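Raw data.pdb, PDB, C-alpha atoms and all ligand atoms:
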```pdb
MODEL        1
ATOM      1  CA  MET A   1     204.753  63.749  52.960
ATOM      2  CA  ILE A   2     208.172  65.342  53.061
ATOM      3  CA  TYR A   3     210.696  63.161  54.772
ATOM      4  CA  MET A   4     213.002  65.434  56.738
ATOM      5  CA  THR A   5     215.970  64.121  58.618
ATOM      6  CA  TYR A   6     217.936  66.278  61.039
ATOM      7  CA  SER A   7     221.520  65.479  61.876
ATOM      8  CA  ALA A   8     222.099  64.601  65.520
ATOM      9  CA  GLU A   9     223.631  67.995  66.260
ATOM     10  CA  ALA A  10     220.943  69.948  64.360
ATOM     11  CA  ALA A  11     218.253  68.064  66.295
ATOM     12  CA  ARG A  12     219.997  68.888  69.589
ATOM     13  CA  ALA A  13     220.269  72.554  68.668
ATOM     14  CA  ARG A  14     216.588  72.682  67.773
ATOM     15  CA  SER A  15     215.420  71.121  71.014
ATOM     16  CA  SER A  16     217.636  73.370  73.139
ATOM     17  CA  GLY A  17     216.826  76.525  71.154
ATOM     18  CA  GLN A  18     220.388  77.108  69.942
ATOM     19  CA  PRO A  19     220.896  79.173  66.751
ATOM     20  CA  LEU A  20     221.400  77.248  63.512
ATOM     21  CA  VAL A  21     223.042  78.316  60.257
ATOM     22  CA  ALA A  22     222.065  76.553  57.014
ATOM     23  CA  LEU A  23     224.713  75.684  54.399
ATOM     24  CA  GLU A  24     224.199  74.685  50.775
ATOM     25  CA  SER A  25     225.635  71.542  49.174
ATOM     26  CA  THR A  26     226.027  72.552  45.511
ATOM     27  CA  ILE A  27     229.153  74.437  46.487
ATOM     28  CA  ILE A  28     230.515  71.022  47.596
ATOM     29  CA  THR A  29     229.433  68.973  44.560
ATOM     30  CA  HIS A  30     229.677  71.540  41.761
ATOM     31  CA  GLY A  31     231.742  74.408  43.142
ATOM     32  CA  MET A  32     234.987  72.766  44.294
ATOM     33  CA  PRO A  33     237.001  69.684  43.289
ATOM     34  CA  TYR A  34     237.217  66.509  45.406
ATOM     35  CA  PRO A  35     238.810  66.024  47.940
ATOM     36  CA  GLN A  36     239.195  69.689  48.919
ATOM     37  CA  ASN A  37     235.399  70.106  48.745
ATOM     38  CA  VAL A  38     234.830  67.702  51.648
ATOM     39  CA  ALA A  39     237.609  69.212  53.757
ATOM     40  CA  VAL A  40     236.276  72.718  53.150
ATOM     41  CA  ALA A  41     232.702  71.723  53.985
ATOM     42  CA  ALA A  42     233.873  70.231  57.303
ATOM     43  CA  GLN A  43     236.017  73.297  58.029
ATOM     44  CA  VAL A  44     233.121  75.682  57.382
ATOM     45  CA  GLU A  45     230.929  73.671  59.745
ATOM     46  CA  ALA A  46     233.678  73.893  62.391
ATOM     47  CA  ASP A  47     233.918  77.675  61.865
ATOM     48  CA  ILE A  48     230.197  77.997  62.594
ATOM     49  CA  ARG A  49     230.538  75.988  65.807
ATOM     50  CA  ASP A  50     233.540  78.081  66.881
ATOM     51  CA  ALA A  51     231.465  81.202  66.303
ATOM     52  CA  GLY A  52     228.710  79.942  68.621
ATOM     53  CA  ALA A  53     226.087  78.451  66.282
ATOM     54  CA  THR A  54     225.248  75.016  64.868
ATOM     55  CA  PRO A  55     225.762  74.192  61.172
ATOM     56  CA  ALA A  56     223.106  72.435  59.088
ATOM     57  CA  THR A  57     224.319  71.465  55.618
ATOM     58  CA  ILE A  58     221.324  70.754  53.387
ATOM     59  CA  ALA A  59     221.007  68.061  50.697
ATOM     60  CA  VAL A  60     218.542  65.503  49.350
ATOM     61  CA  ILE A  61     219.685  61.907  49.855
ATOM     62  CA  GLU A  62     217.564  59.071  48.524
ATOM     63  CA  GLY A  63     214.393  61.087  48.635
ATOM     64  CA  ARG A  64     214.850  62.551  52.116
ATOM     65  CA  LEU A  65     215.490  66.194  52.844
ATOM     66  CA  HIS A  66     218.512  66.285  55.141
ATOM     67  CA  VAL A  67     218.957  69.273  57.429
ATOM     68  CA  GLY A  68     222.477  68.732  58.705
ATOM     69  CA  LEU A  69     224.614  65.913  57.309
ATOM     70  CA  GLU A  70     226.509  63.358  59.374
ATOM     71  CA  PRO A  71     230.237  63.397  58.457
ATOM     72  CA  GLU A  72     230.018  60.173  56.427
ATOM     73  CA  MET A  73     227.106  61.569  54.391
ATOM     74  CA  LEU A  74     229.107  64.685  53.588
ATOM     75  CA  GLN A  75     232.018  62.489  52.475
ATOM     76  CA  ALA A  76     229.807  60.349  50.249
ATOM     77  CA  LEU A  77     228.111  63.349  48.646
ATOM     78  CA  GLY A  78     231.436  65.075  48.008
ATOM     79  CA  ARG A  79     233.025  62.166  46.224
ATOM     80  CA  THR A  80     230.051  61.073  44.115
ATOM     81  CA  PRO A  81     230.424  62.330  40.536
ATOM     82  CA  ASP A  82     227.446  63.792  38.645
ATOM     83  CA  VAL A  83     225.207  64.481  41.624
ATOM     84  CA  ALA A  84     222.055  66.372  40.547
ATOM     85  CA  LYS A  85     222.032  70.140  41.095
ATOM     86  CA  LEU A  86     218.692  71.123  42.603
ATOM     87  CA  SER A  87     217.029  74.509  42.413
ATOM     88  CA  ARG A  88     213.413  75.494  43.233
ATOM     89  CA  ALA A  89     212.407  73.845  39.942
ATOM     90  CA  ASP A  90     213.611  70.333  40.765
ATOM     91  CA  LEU A  91     213.719  70.030  44.577
ATOM     92  CA  ALA A  92     210.220  68.554  44.950
ATOM     93  CA  ALA A  93     210.672  66.208  41.967
ATOM     94  CA  CYS A  94     213.888  64.835  43.474
ATOM     95  CA  LEU A  95     212.140  64.190  46.818
ATOM     96  CA  ALA A  96     209.177  62.563  45.063
ATOM     97  CA  THR A  97     211.297  60.180  43.010
ATOM     98  CA  GLY A  98     213.670  59.124  45.790
ATOM     99  CA  GLY A  99     216.620  60.863  44.165
ATOM    100  CA  THR A 100     219.819  62.365  45.524
ATOM    101  CA  GLY A 101     220.904  65.914  44.835
ATOM    102  CA  ALA A 102     222.820  68.926  46.059
ATOM    103  CA  THR A 103     220.877  72.086  46.835
ATOM    104  CA  THR A 104     221.701  75.449  45.254
ATOM    105  CA  VAL A 105     220.975  78.738  46.995
ATOM    106  CA  SER A 106     217.294  78.680  45.944
ATOM    107  CA  ALA A 107     216.627  75.107  47.097
ATOM    108  CA  THR A 108     218.633  75.609  50.310
ATOM    109  CA  MET A 109     216.564  78.699  51.173
ATOM    110  CA  ILE A 110     213.350  76.688  50.694
ATOM    111  CA  ALA A 111     214.667  73.897  52.928
ATOM    112  CA  ALA A 112     215.970  76.331  55.567
ATOM    113  CA  ARG A 113     212.615  78.072  55.773
ATOM    114  CA  HIS A 114     210.875  74.724  56.058
ATOM    115  CA  ALA A 115     213.169  73.826  58.961
ATOM    116  CA  GLY A 116     212.745  77.219  60.652
ATOM    117  CA  ILE A 117     216.344  78.361  60.039
ATOM    118  CA  PRO A 118     216.447  82.068  59.137
ATOM    119  CA  VAL A 119     220.140  82.406  58.156
ATOM    120  CA  PHE A 120     222.192  80.714  55.480
ATOM    121  CA  ALA A 121     225.870  81.095  54.528
ATOM    122  CA  THR A 122     227.294  80.488  51.064
ATOM    123  CA  GLY A 123     230.017  81.755  48.727
ATOM    124  CA  GLY A 124     228.316  83.562  45.896
ATOM    125  CA  ILE A 125     224.729  83.611  44.700
ATOM    126  CA  GLY A 126     223.646  82.914  41.158
ATOM    127  CA  GLY A 127     222.548  85.962  39.176
ATOM    128  CA  VAL A 128     222.171  87.424  35.712
ATOM    129  CA  HIS A 129     224.737  85.878  33.365
ATOM    130  CA  ARG A 130     226.666  87.885  30.827
ATOM    131  CA  GLY A 131     224.768  87.847  27.539
ATOM    132  CA  ALA A 132     221.471  87.212  29.365
ATOM    133  CA  GLU A 133     219.788  89.601  26.916
ATOM    134  CA  THR A 134     220.004  86.782  24.367
ATOM    135  CA  SER A 135     220.433  83.627  26.522
ATOM    136  CA  PHE A 136     217.825  84.607  29.195
ATOM    137  CA  ASP A 137     220.128  82.933  31.769
ATOM    138  CA  VAL A 138     219.004  84.422  35.077
ATOM    139  CA  SER A 139     219.478  82.296  38.202
ATOM    140  CA  ALA A 140     216.446  81.128  40.157
ATOM    141  CA  ASP A 141     218.338  82.398  43.238
ATOM    142  CA  LEU A 142     217.135  85.952  42.565
ATOM    143  CA  GLN A 143     213.431  85.034  42.531
ATOM    144  CA  GLU A 144     213.957  82.992  45.674
ATOM    145  CA  LEU A 145     215.411  85.953  47.533
ATOM    146  CA  ALA A 146     212.262  87.852  46.563
ATOM    147  CA  GLN A 147     209.922  85.315  48.115
ATOM    148  CA  THR A 148     211.565  83.210  50.832
ATOM    149  CA  PRO A 149     212.352  84.896  54.179
ATOM    150  CA  VAL A 150     215.942  83.777  54.735
ATOM    151  CA  THR A 151     218.980  86.049  55.134
ATOM    152  CA  VAL A 152     221.700  84.790  52.776
ATOM    153  CA  VAL A 153     225.311  85.690  53.552
ATOM    154  CA  SER A 154     227.460  85.752  50.393
ATOM    155  CA  ALA A 155     230.615  87.484  49.186
ATOM    156  CA  GLY A 156     228.584  89.355  46.568
ATOM    157  CA  ALA A 157     227.946  88.167  43.056
ATOM    158  CA  LYS A 158     230.597  86.228  41.194
ATOM    159  CA  ALA A 159     232.447  88.284  38.638
ATOM    160  CA  ILE A 160     231.493  85.626  36.053
ATOM    161  CA  LEU A 161     228.036  87.242  36.150
ATOM    162  CA  ASP A 162     226.857  90.589  34.871
ATOM    163  CA  VAL A 163     227.031  92.202  38.315
ATOM    164  CA  GLY A 164     225.276  95.419  37.238
ATOM    165  CA  LYS A 165     222.286  93.579  35.783
ATOM    166  CA  THR A 166     222.173  91.289  38.838
ATOM    167  CA  LEU A 167     221.879  94.331  41.120
ATOM    168  CA  GLU A 168     219.184  95.850  38.871
ATOM    169  CA  VAL A 169     217.079  92.674  39.041
ATOM    170  CA  LEU A 170     217.482  92.462  42.827
ATOM    171  CA  GLU A 171     216.272  96.055  43.095
ATOM    172  CA  THR A 172     213.287  95.329  40.833
ATOM    173  CA  LEU A 173     212.392  92.314  42.972
ATOM    174  CA  GLY A 174     212.626  94.365  46.172
ATOM    175  CA  VAL A 175     215.471  92.381  47.694
ATOM    176  CA  PRO A 176     217.559  94.322  50.231
ATOM    177  CA  VAL A 177     221.236  94.098  49.293
ATOM    178  CA  ILE A 178     223.242  94.815  52.437
ATOM    179  CA  VAL A 179     227.002  95.229  52.156
ATOM    180  CA  HIS A 180     228.841  94.437  55.359
ATOM    181  CA  GLY A 181     231.307  97.126  56.414
ATOM    182  CA  GLN A 182     232.042  99.030  53.195
ATOM    183  CA  ASP A 183     230.409 101.350  50.656
ATOM    184  CA  VAL A 184     231.177  99.266  47.557
ATOM    185  CA  PHE A 185     229.458  96.058  46.474
ATOM    186  CA  PRO A 186     232.043  93.226  46.577
ATOM    187  CA  ALA A 187     232.692  90.893  43.635
ATOM    188  CA  PHE A 188     233.324  87.488  45.227
ATOM    189  CA  TRP A 189     237.066  86.929  44.598
ATOM    190  CA  SER A 190     237.678  90.702  44.788
ATOM    191  CA  ARG A 191     236.691  93.145  47.525
ATOM    192  CA  ARG A 192     235.480  95.753  45.095
ATOM    193  CA  SER A 193     233.161  95.876  42.105
ATOM    194  CA  PRO A 194     232.409  99.066  40.156
ATOM    195  CA  TYR A 195     229.023  99.285  41.949
ATOM    196  CA  ALA A 196     228.048 101.149  45.110
ATOM    197  CA  ALA A 197     226.564  99.317  48.096
ATOM    198  CA  PRO A 198     222.761  99.620  47.913
ATOM    199  CA  ILE A 199     222.644  99.445  51.745
ATOM    200  CA  ARG A 200     225.575  99.355  54.182
ATOM    201  CA  MET A 201     225.523  97.819  57.665
ATOM    202  CA  ASP A 202     228.518  97.413  59.938
ATOM    203  CA  ASP A 203     227.424  94.704  62.342
ATOM    204  CA  ALA A 204     225.399  91.525  62.701
ATOM    205  CA  ASP A 205     222.908  93.146  65.095
ATOM    206  CA  ALA A 206     221.765  95.648  62.475
ATOM    207  CA  ILE A 207     221.373  92.896  59.871
ATOM    208  CA  ALA A 208     219.303  90.841  62.332
ATOM    209  CA  ARG A 209     217.102  93.833  63.225
ATOM    210  CA  SER A 210     216.493  94.466  59.547
ATOM    211  CA  HIS A 211     215.484  90.812  59.031
ATOM    212  CA  ALA A 212     213.062  91.113  61.965
ATOM    213  CA  ALA A 213     211.682  94.445  60.724
ATOM    214  CA  ARG A 214     210.827  92.926  57.347
ATOM    215  CA  ARG A 215     209.017  90.097  59.090
ATOM    216  CA  ALA A 216     207.108  92.584  61.260
ATOM    217  CA  LEU A 217     206.052  94.473  58.132
ATOM    218  CA  GLY A 218     204.774  91.238  56.610
ATOM    219  CA  LEU A 219     207.162  91.490  53.666
ATOM    220  CA  PRO A 220     207.903  88.266  51.843
ATOM    221  CA  GLY A 221     211.426  87.426  50.779
ATOM    222  CA  GLY A 222     214.845  87.480  52.331
ATOM    223  CA  GLN A 223     217.915  89.669  52.454
ATOM    224  CA  LEU A 224     221.154  89.355  50.543
ATOM    225  CA  VAL A 225     224.199  90.160  52.670
ATOM    226  CA  ALA A 226     227.403  90.805  50.706
ATOM    227  CA  ASN A 227     230.444  90.304  52.904
ATOM    228  CA  PRO A 228     233.755  91.283  51.249
ATOM    229  CA  ILE A 229     236.477  88.625  51.031
ATOM    230  CA  PRO A 230     239.322  89.267  53.557
ATOM    231  CA  ALA A 231     241.957  91.546  51.990
ATOM    232  CA  ALA A 232     244.750  88.986  52.392
ATOM    233  CA  ASP A 233     242.900  86.456  50.243
ATOM    234  CA  GLU A 234     241.478  88.541  47.417
ATOM    235  CA  ILE A 235     242.397  88.302  43.735
ATOM    236  CA  PRO A 236     242.426  91.756  42.154
ATOM    237  CA  ALA A 237     239.626  92.284  39.616
ATOM    238  CA  GLU A 238     242.138  93.343  36.928
ATOM    239  CA  LYS A 239     243.892  89.997  37.175
ATOM    240  CA  LEU A 240     240.665  88.037  36.902
ATOM    241  CA  ALA A 241     239.004  89.988  34.092
ATOM    242  CA  PRO A 242     240.887  88.368  31.163
ATOM    243  CA  ILE A 243     240.604  84.916  32.758
ATOM    244  CA  ILE A 244     236.839  85.252  33.149
ATOM    245  CA  GLY A 245     236.615  86.525  29.563
ATOM    246  CA  ALA A 246     238.486  83.479  28.274
ATOM    247  CA  ALA A 247     236.368  81.038  30.306
ATOM    248  CA  GLN A 248     233.152  82.686  29.079
ATOM    249  CA  ALA A 249     234.334  82.595  25.454
ATOM    250  CA  GLU A 250     235.040  78.890  25.806
ATOM    251  CA  ALA A 251     231.590  78.261  27.303
ATOM    252  CA  ASP A 252     229.957  80.139  24.419
ATOM    253  CA  GLU A 253     232.037  78.293  21.825
ATOM    254  CA  ARG A 254     231.139  74.892  23.277
ATOM    255  CA  GLY A 255     227.464  75.813  23.648
ATOM    256  CA  VAL A 256     227.410  75.238  27.420
ATOM    257  CA  SER A 257     223.947  76.208  28.694
ATOM    258  CA  GLY A 258     221.458  75.951  31.559
ATOM    259  CA  LYS A 259     222.686  74.724  34.904
ATOM    260  CA  GLU A 260     226.018  73.619  33.414
ATOM    261  CA  VAL A 261     227.197  77.207  32.932
ATOM    262  CA  THR A 262     228.186  78.119  36.500
ATOM    263  CA  PRO A 263     230.100  74.868  37.270
ATOM    264  CA  PHE A 264     231.865  75.036  33.888
ATOM    265  CA  LEU A 265     233.086  78.598  34.430
ATOM    266  CA  LEU A 266     234.214  77.919  38.012
ATOM    267  CA  GLU A 267     236.232  74.893  36.917
ATOM    268  CA  ARG A 268     237.941  76.715  34.042
ATOM    269  CA  ILE A 269     238.813  79.663  36.304
ATOM    270  CA  TYR A 270     240.268  77.222  38.844
ATOM    271  CA  GLU A 271     242.483  75.757  36.112
ATOM    272  CA  PHE A 272     243.492  79.127  34.640
ATOM    273  CA  THR A 273     244.451  80.529  38.075
ATOM    274  CA  ARG A 274     246.196  77.268  39.092
ATOM    275  CA  GLY A 275     244.071  76.926  42.175
ATOM    276  CA  GLN A 276     244.272  80.534  43.400
ATOM    277  CA  SER A 277     240.527  80.963  42.793
ATOM    278  CA  LEU A 278     239.848  77.981  45.059
ATOM    279  CA  ARG A 279     241.979  79.376  47.896
ATOM    280  CA  ALA A 280     240.088  82.651  47.663
ATOM    281  CA  ASN A 281     236.771  80.795  47.515
ATOM    282  CA  ILE A 282     237.620  78.874  50.707
ATOM    283  CA  ALA A 283     238.606  82.039  52.570
ATOM    284  CA  LEU A 284     235.446  83.887  51.625
ATOM    285  CA  VAL A 285     233.082  81.031  52.512
ATOM    286  CA  ARG A 286     234.710  80.712  55.947
ATOM    287  CA  ASN A 287     234.403  84.460  56.445
ATOM    288  CA  ASN A 288     230.713  84.297  55.505
ATOM    289  CA  ALA A 289     230.091  81.367  57.852
ATOM    290  CA  ARG A 290     231.444  83.393  60.786
ATOM    291  CA  LEU A 291     229.243  86.399  59.987
ATOM    292  CA  ALA A 292     226.200  84.157  59.508
ATOM    293  CA  ALA A 293     226.801  82.606  62.952
ATOM    294  CA  GLN A 294     226.832  86.099  64.493
ATOM    295  CA  ILE A 295     223.614  87.035  62.661
ATOM    296  CA  ALA A 296     221.947  83.798  63.839
ATOM    297  CA  GLN A 297     222.796  84.675  67.440
ATOM    298  CA  ALA A 298     221.690  88.287  67.042
ATOM    299  CA  LEU A 299     218.385  87.120  65.547
ATOM    300  CA  ARG A 300     217.599  85.072  68.623
ATOM    301  CA  LYS A 301     217.891  88.232  70.723
ATOM    302  CA  VAL A 302     215.630  90.341  68.489
ATOM    303  CA  SER A 303     212.961  87.668  68.214
ATOM    304  CA  ASN A 304     212.752  87.047  71.976
TER     305      ASN A 304
HETATM  306  N1  LIG A 401     229.023  79.933  44.373
HETATM  307  C1  LIG A 401     230.142  79.187  44.303
HETATM  308  N2  LIG A 401     230.053  77.948  43.804
HETATM  309  C2  LIG A 401     228.874  77.434  43.395
HETATM  310  C3  LIG A 401     227.674  78.210  43.463
HETATM  311  C4  LIG A 401     227.807  79.460  43.963
HETATM  312  O1  LIG A 401     231.214  79.634  44.681
HETATM  313  O2  LIG A 401     228.857  76.282  42.961
HETATM  314  C5  LIG A 401     226.350  77.600  43.076
HETATM  315  C6  LIG A 401     225.273  77.975  44.124
HETATM  316  O3  LIG A 401     224.663  76.789  44.563
HETATM  317  C7  LIG A 401     224.294  78.835  43.361
HETATM  318  C8  LIG A 401     224.415  78.209  41.991
HETATM  319  O4  LIG A 401     222.994  78.795  43.878
HETATM  320  O5  LIG A 401     225.810  78.015  41.838
HETATM  321  C9  LIG A 401     223.810  79.062  40.895
HETATM  322  O6  LIG A 401     223.668  78.286  39.747
HETATM  323  P1  LIG A 401     222.859  78.858  38.490
HETATM  324  O7  LIG A 401     223.708  79.962  37.960
HETATM  325  O8  LIG A 401     222.764  77.695  37.544
HETATM  326  O9  LIG A 401     221.528  79.319  39.005
HETATM  327 MN    MN A 402     221.587  79.655  35.038
ENDMDL
END
```
So that I can check it, write out the structure of this file as structure tokens.
Ligand code: PSU
Ligand code: MN
Amino acid sequence: MIYMTYSAEAARARSSGQPLVALESTIITHGMPYPQNVAVAAQVEADIRDAGATPATIAVIEGRLHVGLEPEMLQALGRTPDVAKLSRADLAACLATGGTGATTVSATMIAARHAGIPVFATGGIGGVHRGAETSFDVSADLQELAQTPVTVVSAGAKAILDVGKTLEVLETLGVPVIVHGQDVFPAFWSRRSPYAAPIRMDDADAIARSHAARRALGLPGGQLVANPIPAADEIPAEKLAPIIGAAQAEADERGVSGKEVTPFLLERIYEFTRGQSLRANIALVRNNARLAAQIAQALRKVSN
């Protein structure tokens, strides 16, 4: 029923039992401008290989669920304007109607689980938007973390969100939020948010053991790993705060809603920071890819 296609390298890794790391495609189509998006996607895949695992970028192309994209597919997806953005709500519909779309964190987790890949690297997850008390804009990513057993490596929650409310919802849903190597929850472009780390772990082995322990307990859902952006690449929170405020005000004024909100804010912040936000975004995704590759390798040891 579901037409899955593995890339040549993902298929090889599966048959030889090598660790795989899933990657999302919305970050390519809706998170970064062309042509940098394609270059970054290829670079992140190379980082995963260098760190000893095999990358599998996930997308739906003409009704088939691709687990790993051949380089020309990645190119084509990255330069096509107005590609659909798929979450849990629209993944199956896109497959059923022969459509093409990029997967968000929620849809990528579903696909990764389906393909037996327990680890996934991204930039930032979706969360509770500012003003959610009236807009009800809460990302499907949070529910997905509560029910799909994949460990997601992020750089925390984007500062465009209400980070405090995002952490509250994750706690309510029983999602472990593990900060890598520090006591403060990171805020995507900045190493620090005002919030303490719910759980701290200092190495990939501990994160892998925790993933395995949840499975052994029969708990549904995954883990959110928050890996702080490297210090050399961060943008201080004080510098970003007024920029985020201005972008949000513009979104409100124009009535931007639904799945348009996150891409709109990211694009405005890119323009306001003259590309500095993109450089930071690239650095943090690469950093997350390397940690995810270590977790994927550690997981193979704990599950054997
Ligand atoms: N982080 C980025 N760029 C992005 C996203 C996250 O740096 O484009 C995407 C992810 O795919 C995430 C999605 O799952 O935004 C969340 O969208 P929403 O807020 O509409 O749920
Ligand atoms: Mn939303």
Site check for ligand MN 402 (chain A): residues at most 6 Å away, all atoms listed in the file, as a ChimeraX atom specification: /A:137-139,258-259
Taking all atoms listed in the file into account, name the residue in A:Ala39, A:Ala11, A:Ala115, A:Ala102 that is nearest to ligand LIG 401 (chain A). A:Ala102
If you measure from atom CA of Gly126 of chain A to atom O5 of ligand LIG 401 (chain A), what distance in Å do you get, rounded to one decimal? 5.4 Å
Excluding Asp141 of chain A and residues on its chain fewer than 6 positions from it, collect all residues at most 12 Å away from it, counting only C-alpha atoms, and give them as a ChimeraX atom specification. /A:86-89,103-110,124-128,147-148,150,152,157,166,169-170,173,175,221-224
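Minimum atom-to-atom distance to Leu266 of chain A, evaluated using all atoms listed in the file, belongs to A:Ile27 out of A:Ala292, A:Val67, A:Ile27, A:Leu167.
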When the PyMOL selection byres (((chain A and resi 186) around 7) and not hetatm) is applied to the structure above, which residues does it catch, written out as number ranges by chain? A: 155-156, 184-185, 187-188, 190-193, 226, 228
Record the distance separating atom CA of Asn37 of chain A and atom CA of Ala53 of chain A, expressed in Å with one decimal. 21.5 Å
Output the residue selection produced by the PyMOL selection byres (((chain A and resi 283) around 12) and not hetatm) on the file above, formatted as a PyMOL selection string. chain A and resi 40-41+43-44+47+122-123+154-155+188-190+227-235+276-282+284-290
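Every polymer residue reaching to within 12 Å of (212.9, 85.8, 67.4), counting all atoms listed in the file, appears in this list: Gly17, Gln18, Pro19, Gly116, Ile117, Pro118, Ala208, Arg209, His211, Ala212, Ala213, Arg215, Ala216, Ile295, Ala296, Gln297, Ala298, Leu299, Arg300, Lys301, Val302, Ser303 and Asn304 of chain A.
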Could you dump the residues just selected with C-alpha atoms as a short mmCIF file (atom, residue, chain, number, x, y, z; two decimals), in the coordinates of the input?
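So the final result, stored in result.cif, reads:
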```cif
data_model
loop_
_atom_site.label_atom_id
_atom_site.label_comp_id
_atom_site.auth_asym_id
_atom_site.auth_seq_id
_atom_site.Cartn_x
_atom_site.Cartn_y
_atom_site.Cartn_z
CA GLY A 17 216.83 76.53 71.15
CA GLN A 18 220.39 77.11 69.94
CA PRO A 19 220.90 79.17 66.75
CA GLY A 116 212.74 77.22 60.65
CA ILE A 117 216.34 78.36 60.04
CA PRO A 118 216.45 82.07 59.14
CA ALA A 208 219.30 90.84 62.33
CA ARG A 209 217.10 93.83 63.22
CA HIS A 211 215.48 90.81 59.03
CA ALA A 212 213.06 91.11 61.96
CA ALA A 213 211.68 94.44 60.72
CA ARG A 215 209.02 90.10 59.09
CA ALA A 216 207.11 92.58 61.26
CA ILE A 295 223.61 87.04 62.66
CA ALA A 296 221.95 83.80 63.84
CA GLN A 297 222.80 84.68 67.44
CA ALA A 298 221.69 88.29 67.04
CA LEU A 299 218.38 87.12 65.55
CA ARG A 300 217.60 85.07 68.62
CA LYS A 301 217.89 88.23 70.72
CA VAL A 302 215.63 90.34 68.49
CA SER A 303 212.96 87.67 68.21
CA ASN A 304 212.75 87.05 71.98
#
```
Kindly resolve the PyMOL selection byres (((chain A and resi 243) around 10) and not hetatm) on the present coordinates and return the residues as a list in words. Ile160, Glu238, Lys239, Leu240, Ala241, Pro242, Ile244, Gly245, Ala246, Ala247, Gln248, Ala249, Leu265, Arg268, Ile269, Tyr270, Glu271, Phe272 and Thr273 of chain A
Using only C-alpha atoms, list the residues that have an atom at most 6 Å from (216.3, 69.0, 45.5), coordinates as in the file, as a ChimeraX atom specification. /A:60,86,90-91,94,101,103
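Computed from the coordinates, the atom CA of Leu74 of chain A to atom CA of Ala59 of chain A distance equals 9.2 Å.
The smallest atom-to-atom distance between ligand LIG 401 (chain A) and any of A:Met32, A:Ile178, A:Ile207, A:Ala56, using all atoms listed in the file, is found for A:Met32.
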Please, what is the axis-aligned box for every listed atom of segment 166-181 of chain A with 6 Å on each side, as centre and edge lengths in Å to one decimal, as AutoDock Vina command-line options?
```
--center_x 221.8 --center_y 94.2 --center_z 47.6 --size_x 30.9 --size_y 17.8 --size_z 29.6
```
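For the residues A:Leu77, A:Leu69, A:Ala159, A:Ile28, ranking by smallest atom-to-atom distance to ligand LIG 401 (chain A) using only C-alpha atoms and all ligand atoms places A:Ile28 first.
With all atoms listed in the file as the basis for measurement, A:Ala111 is the residue among A:Ala146, A:Ala84, A:Met201, A:Ala111 that approaches Ile2 of chain A most closely.
Proximity ranking of A:Asp205, A:Glu144, A:Glu171, A:Glu9 relative to ligand LIG 401 (chain A) places A:Glu144 first, based on all atoms listed in the file.
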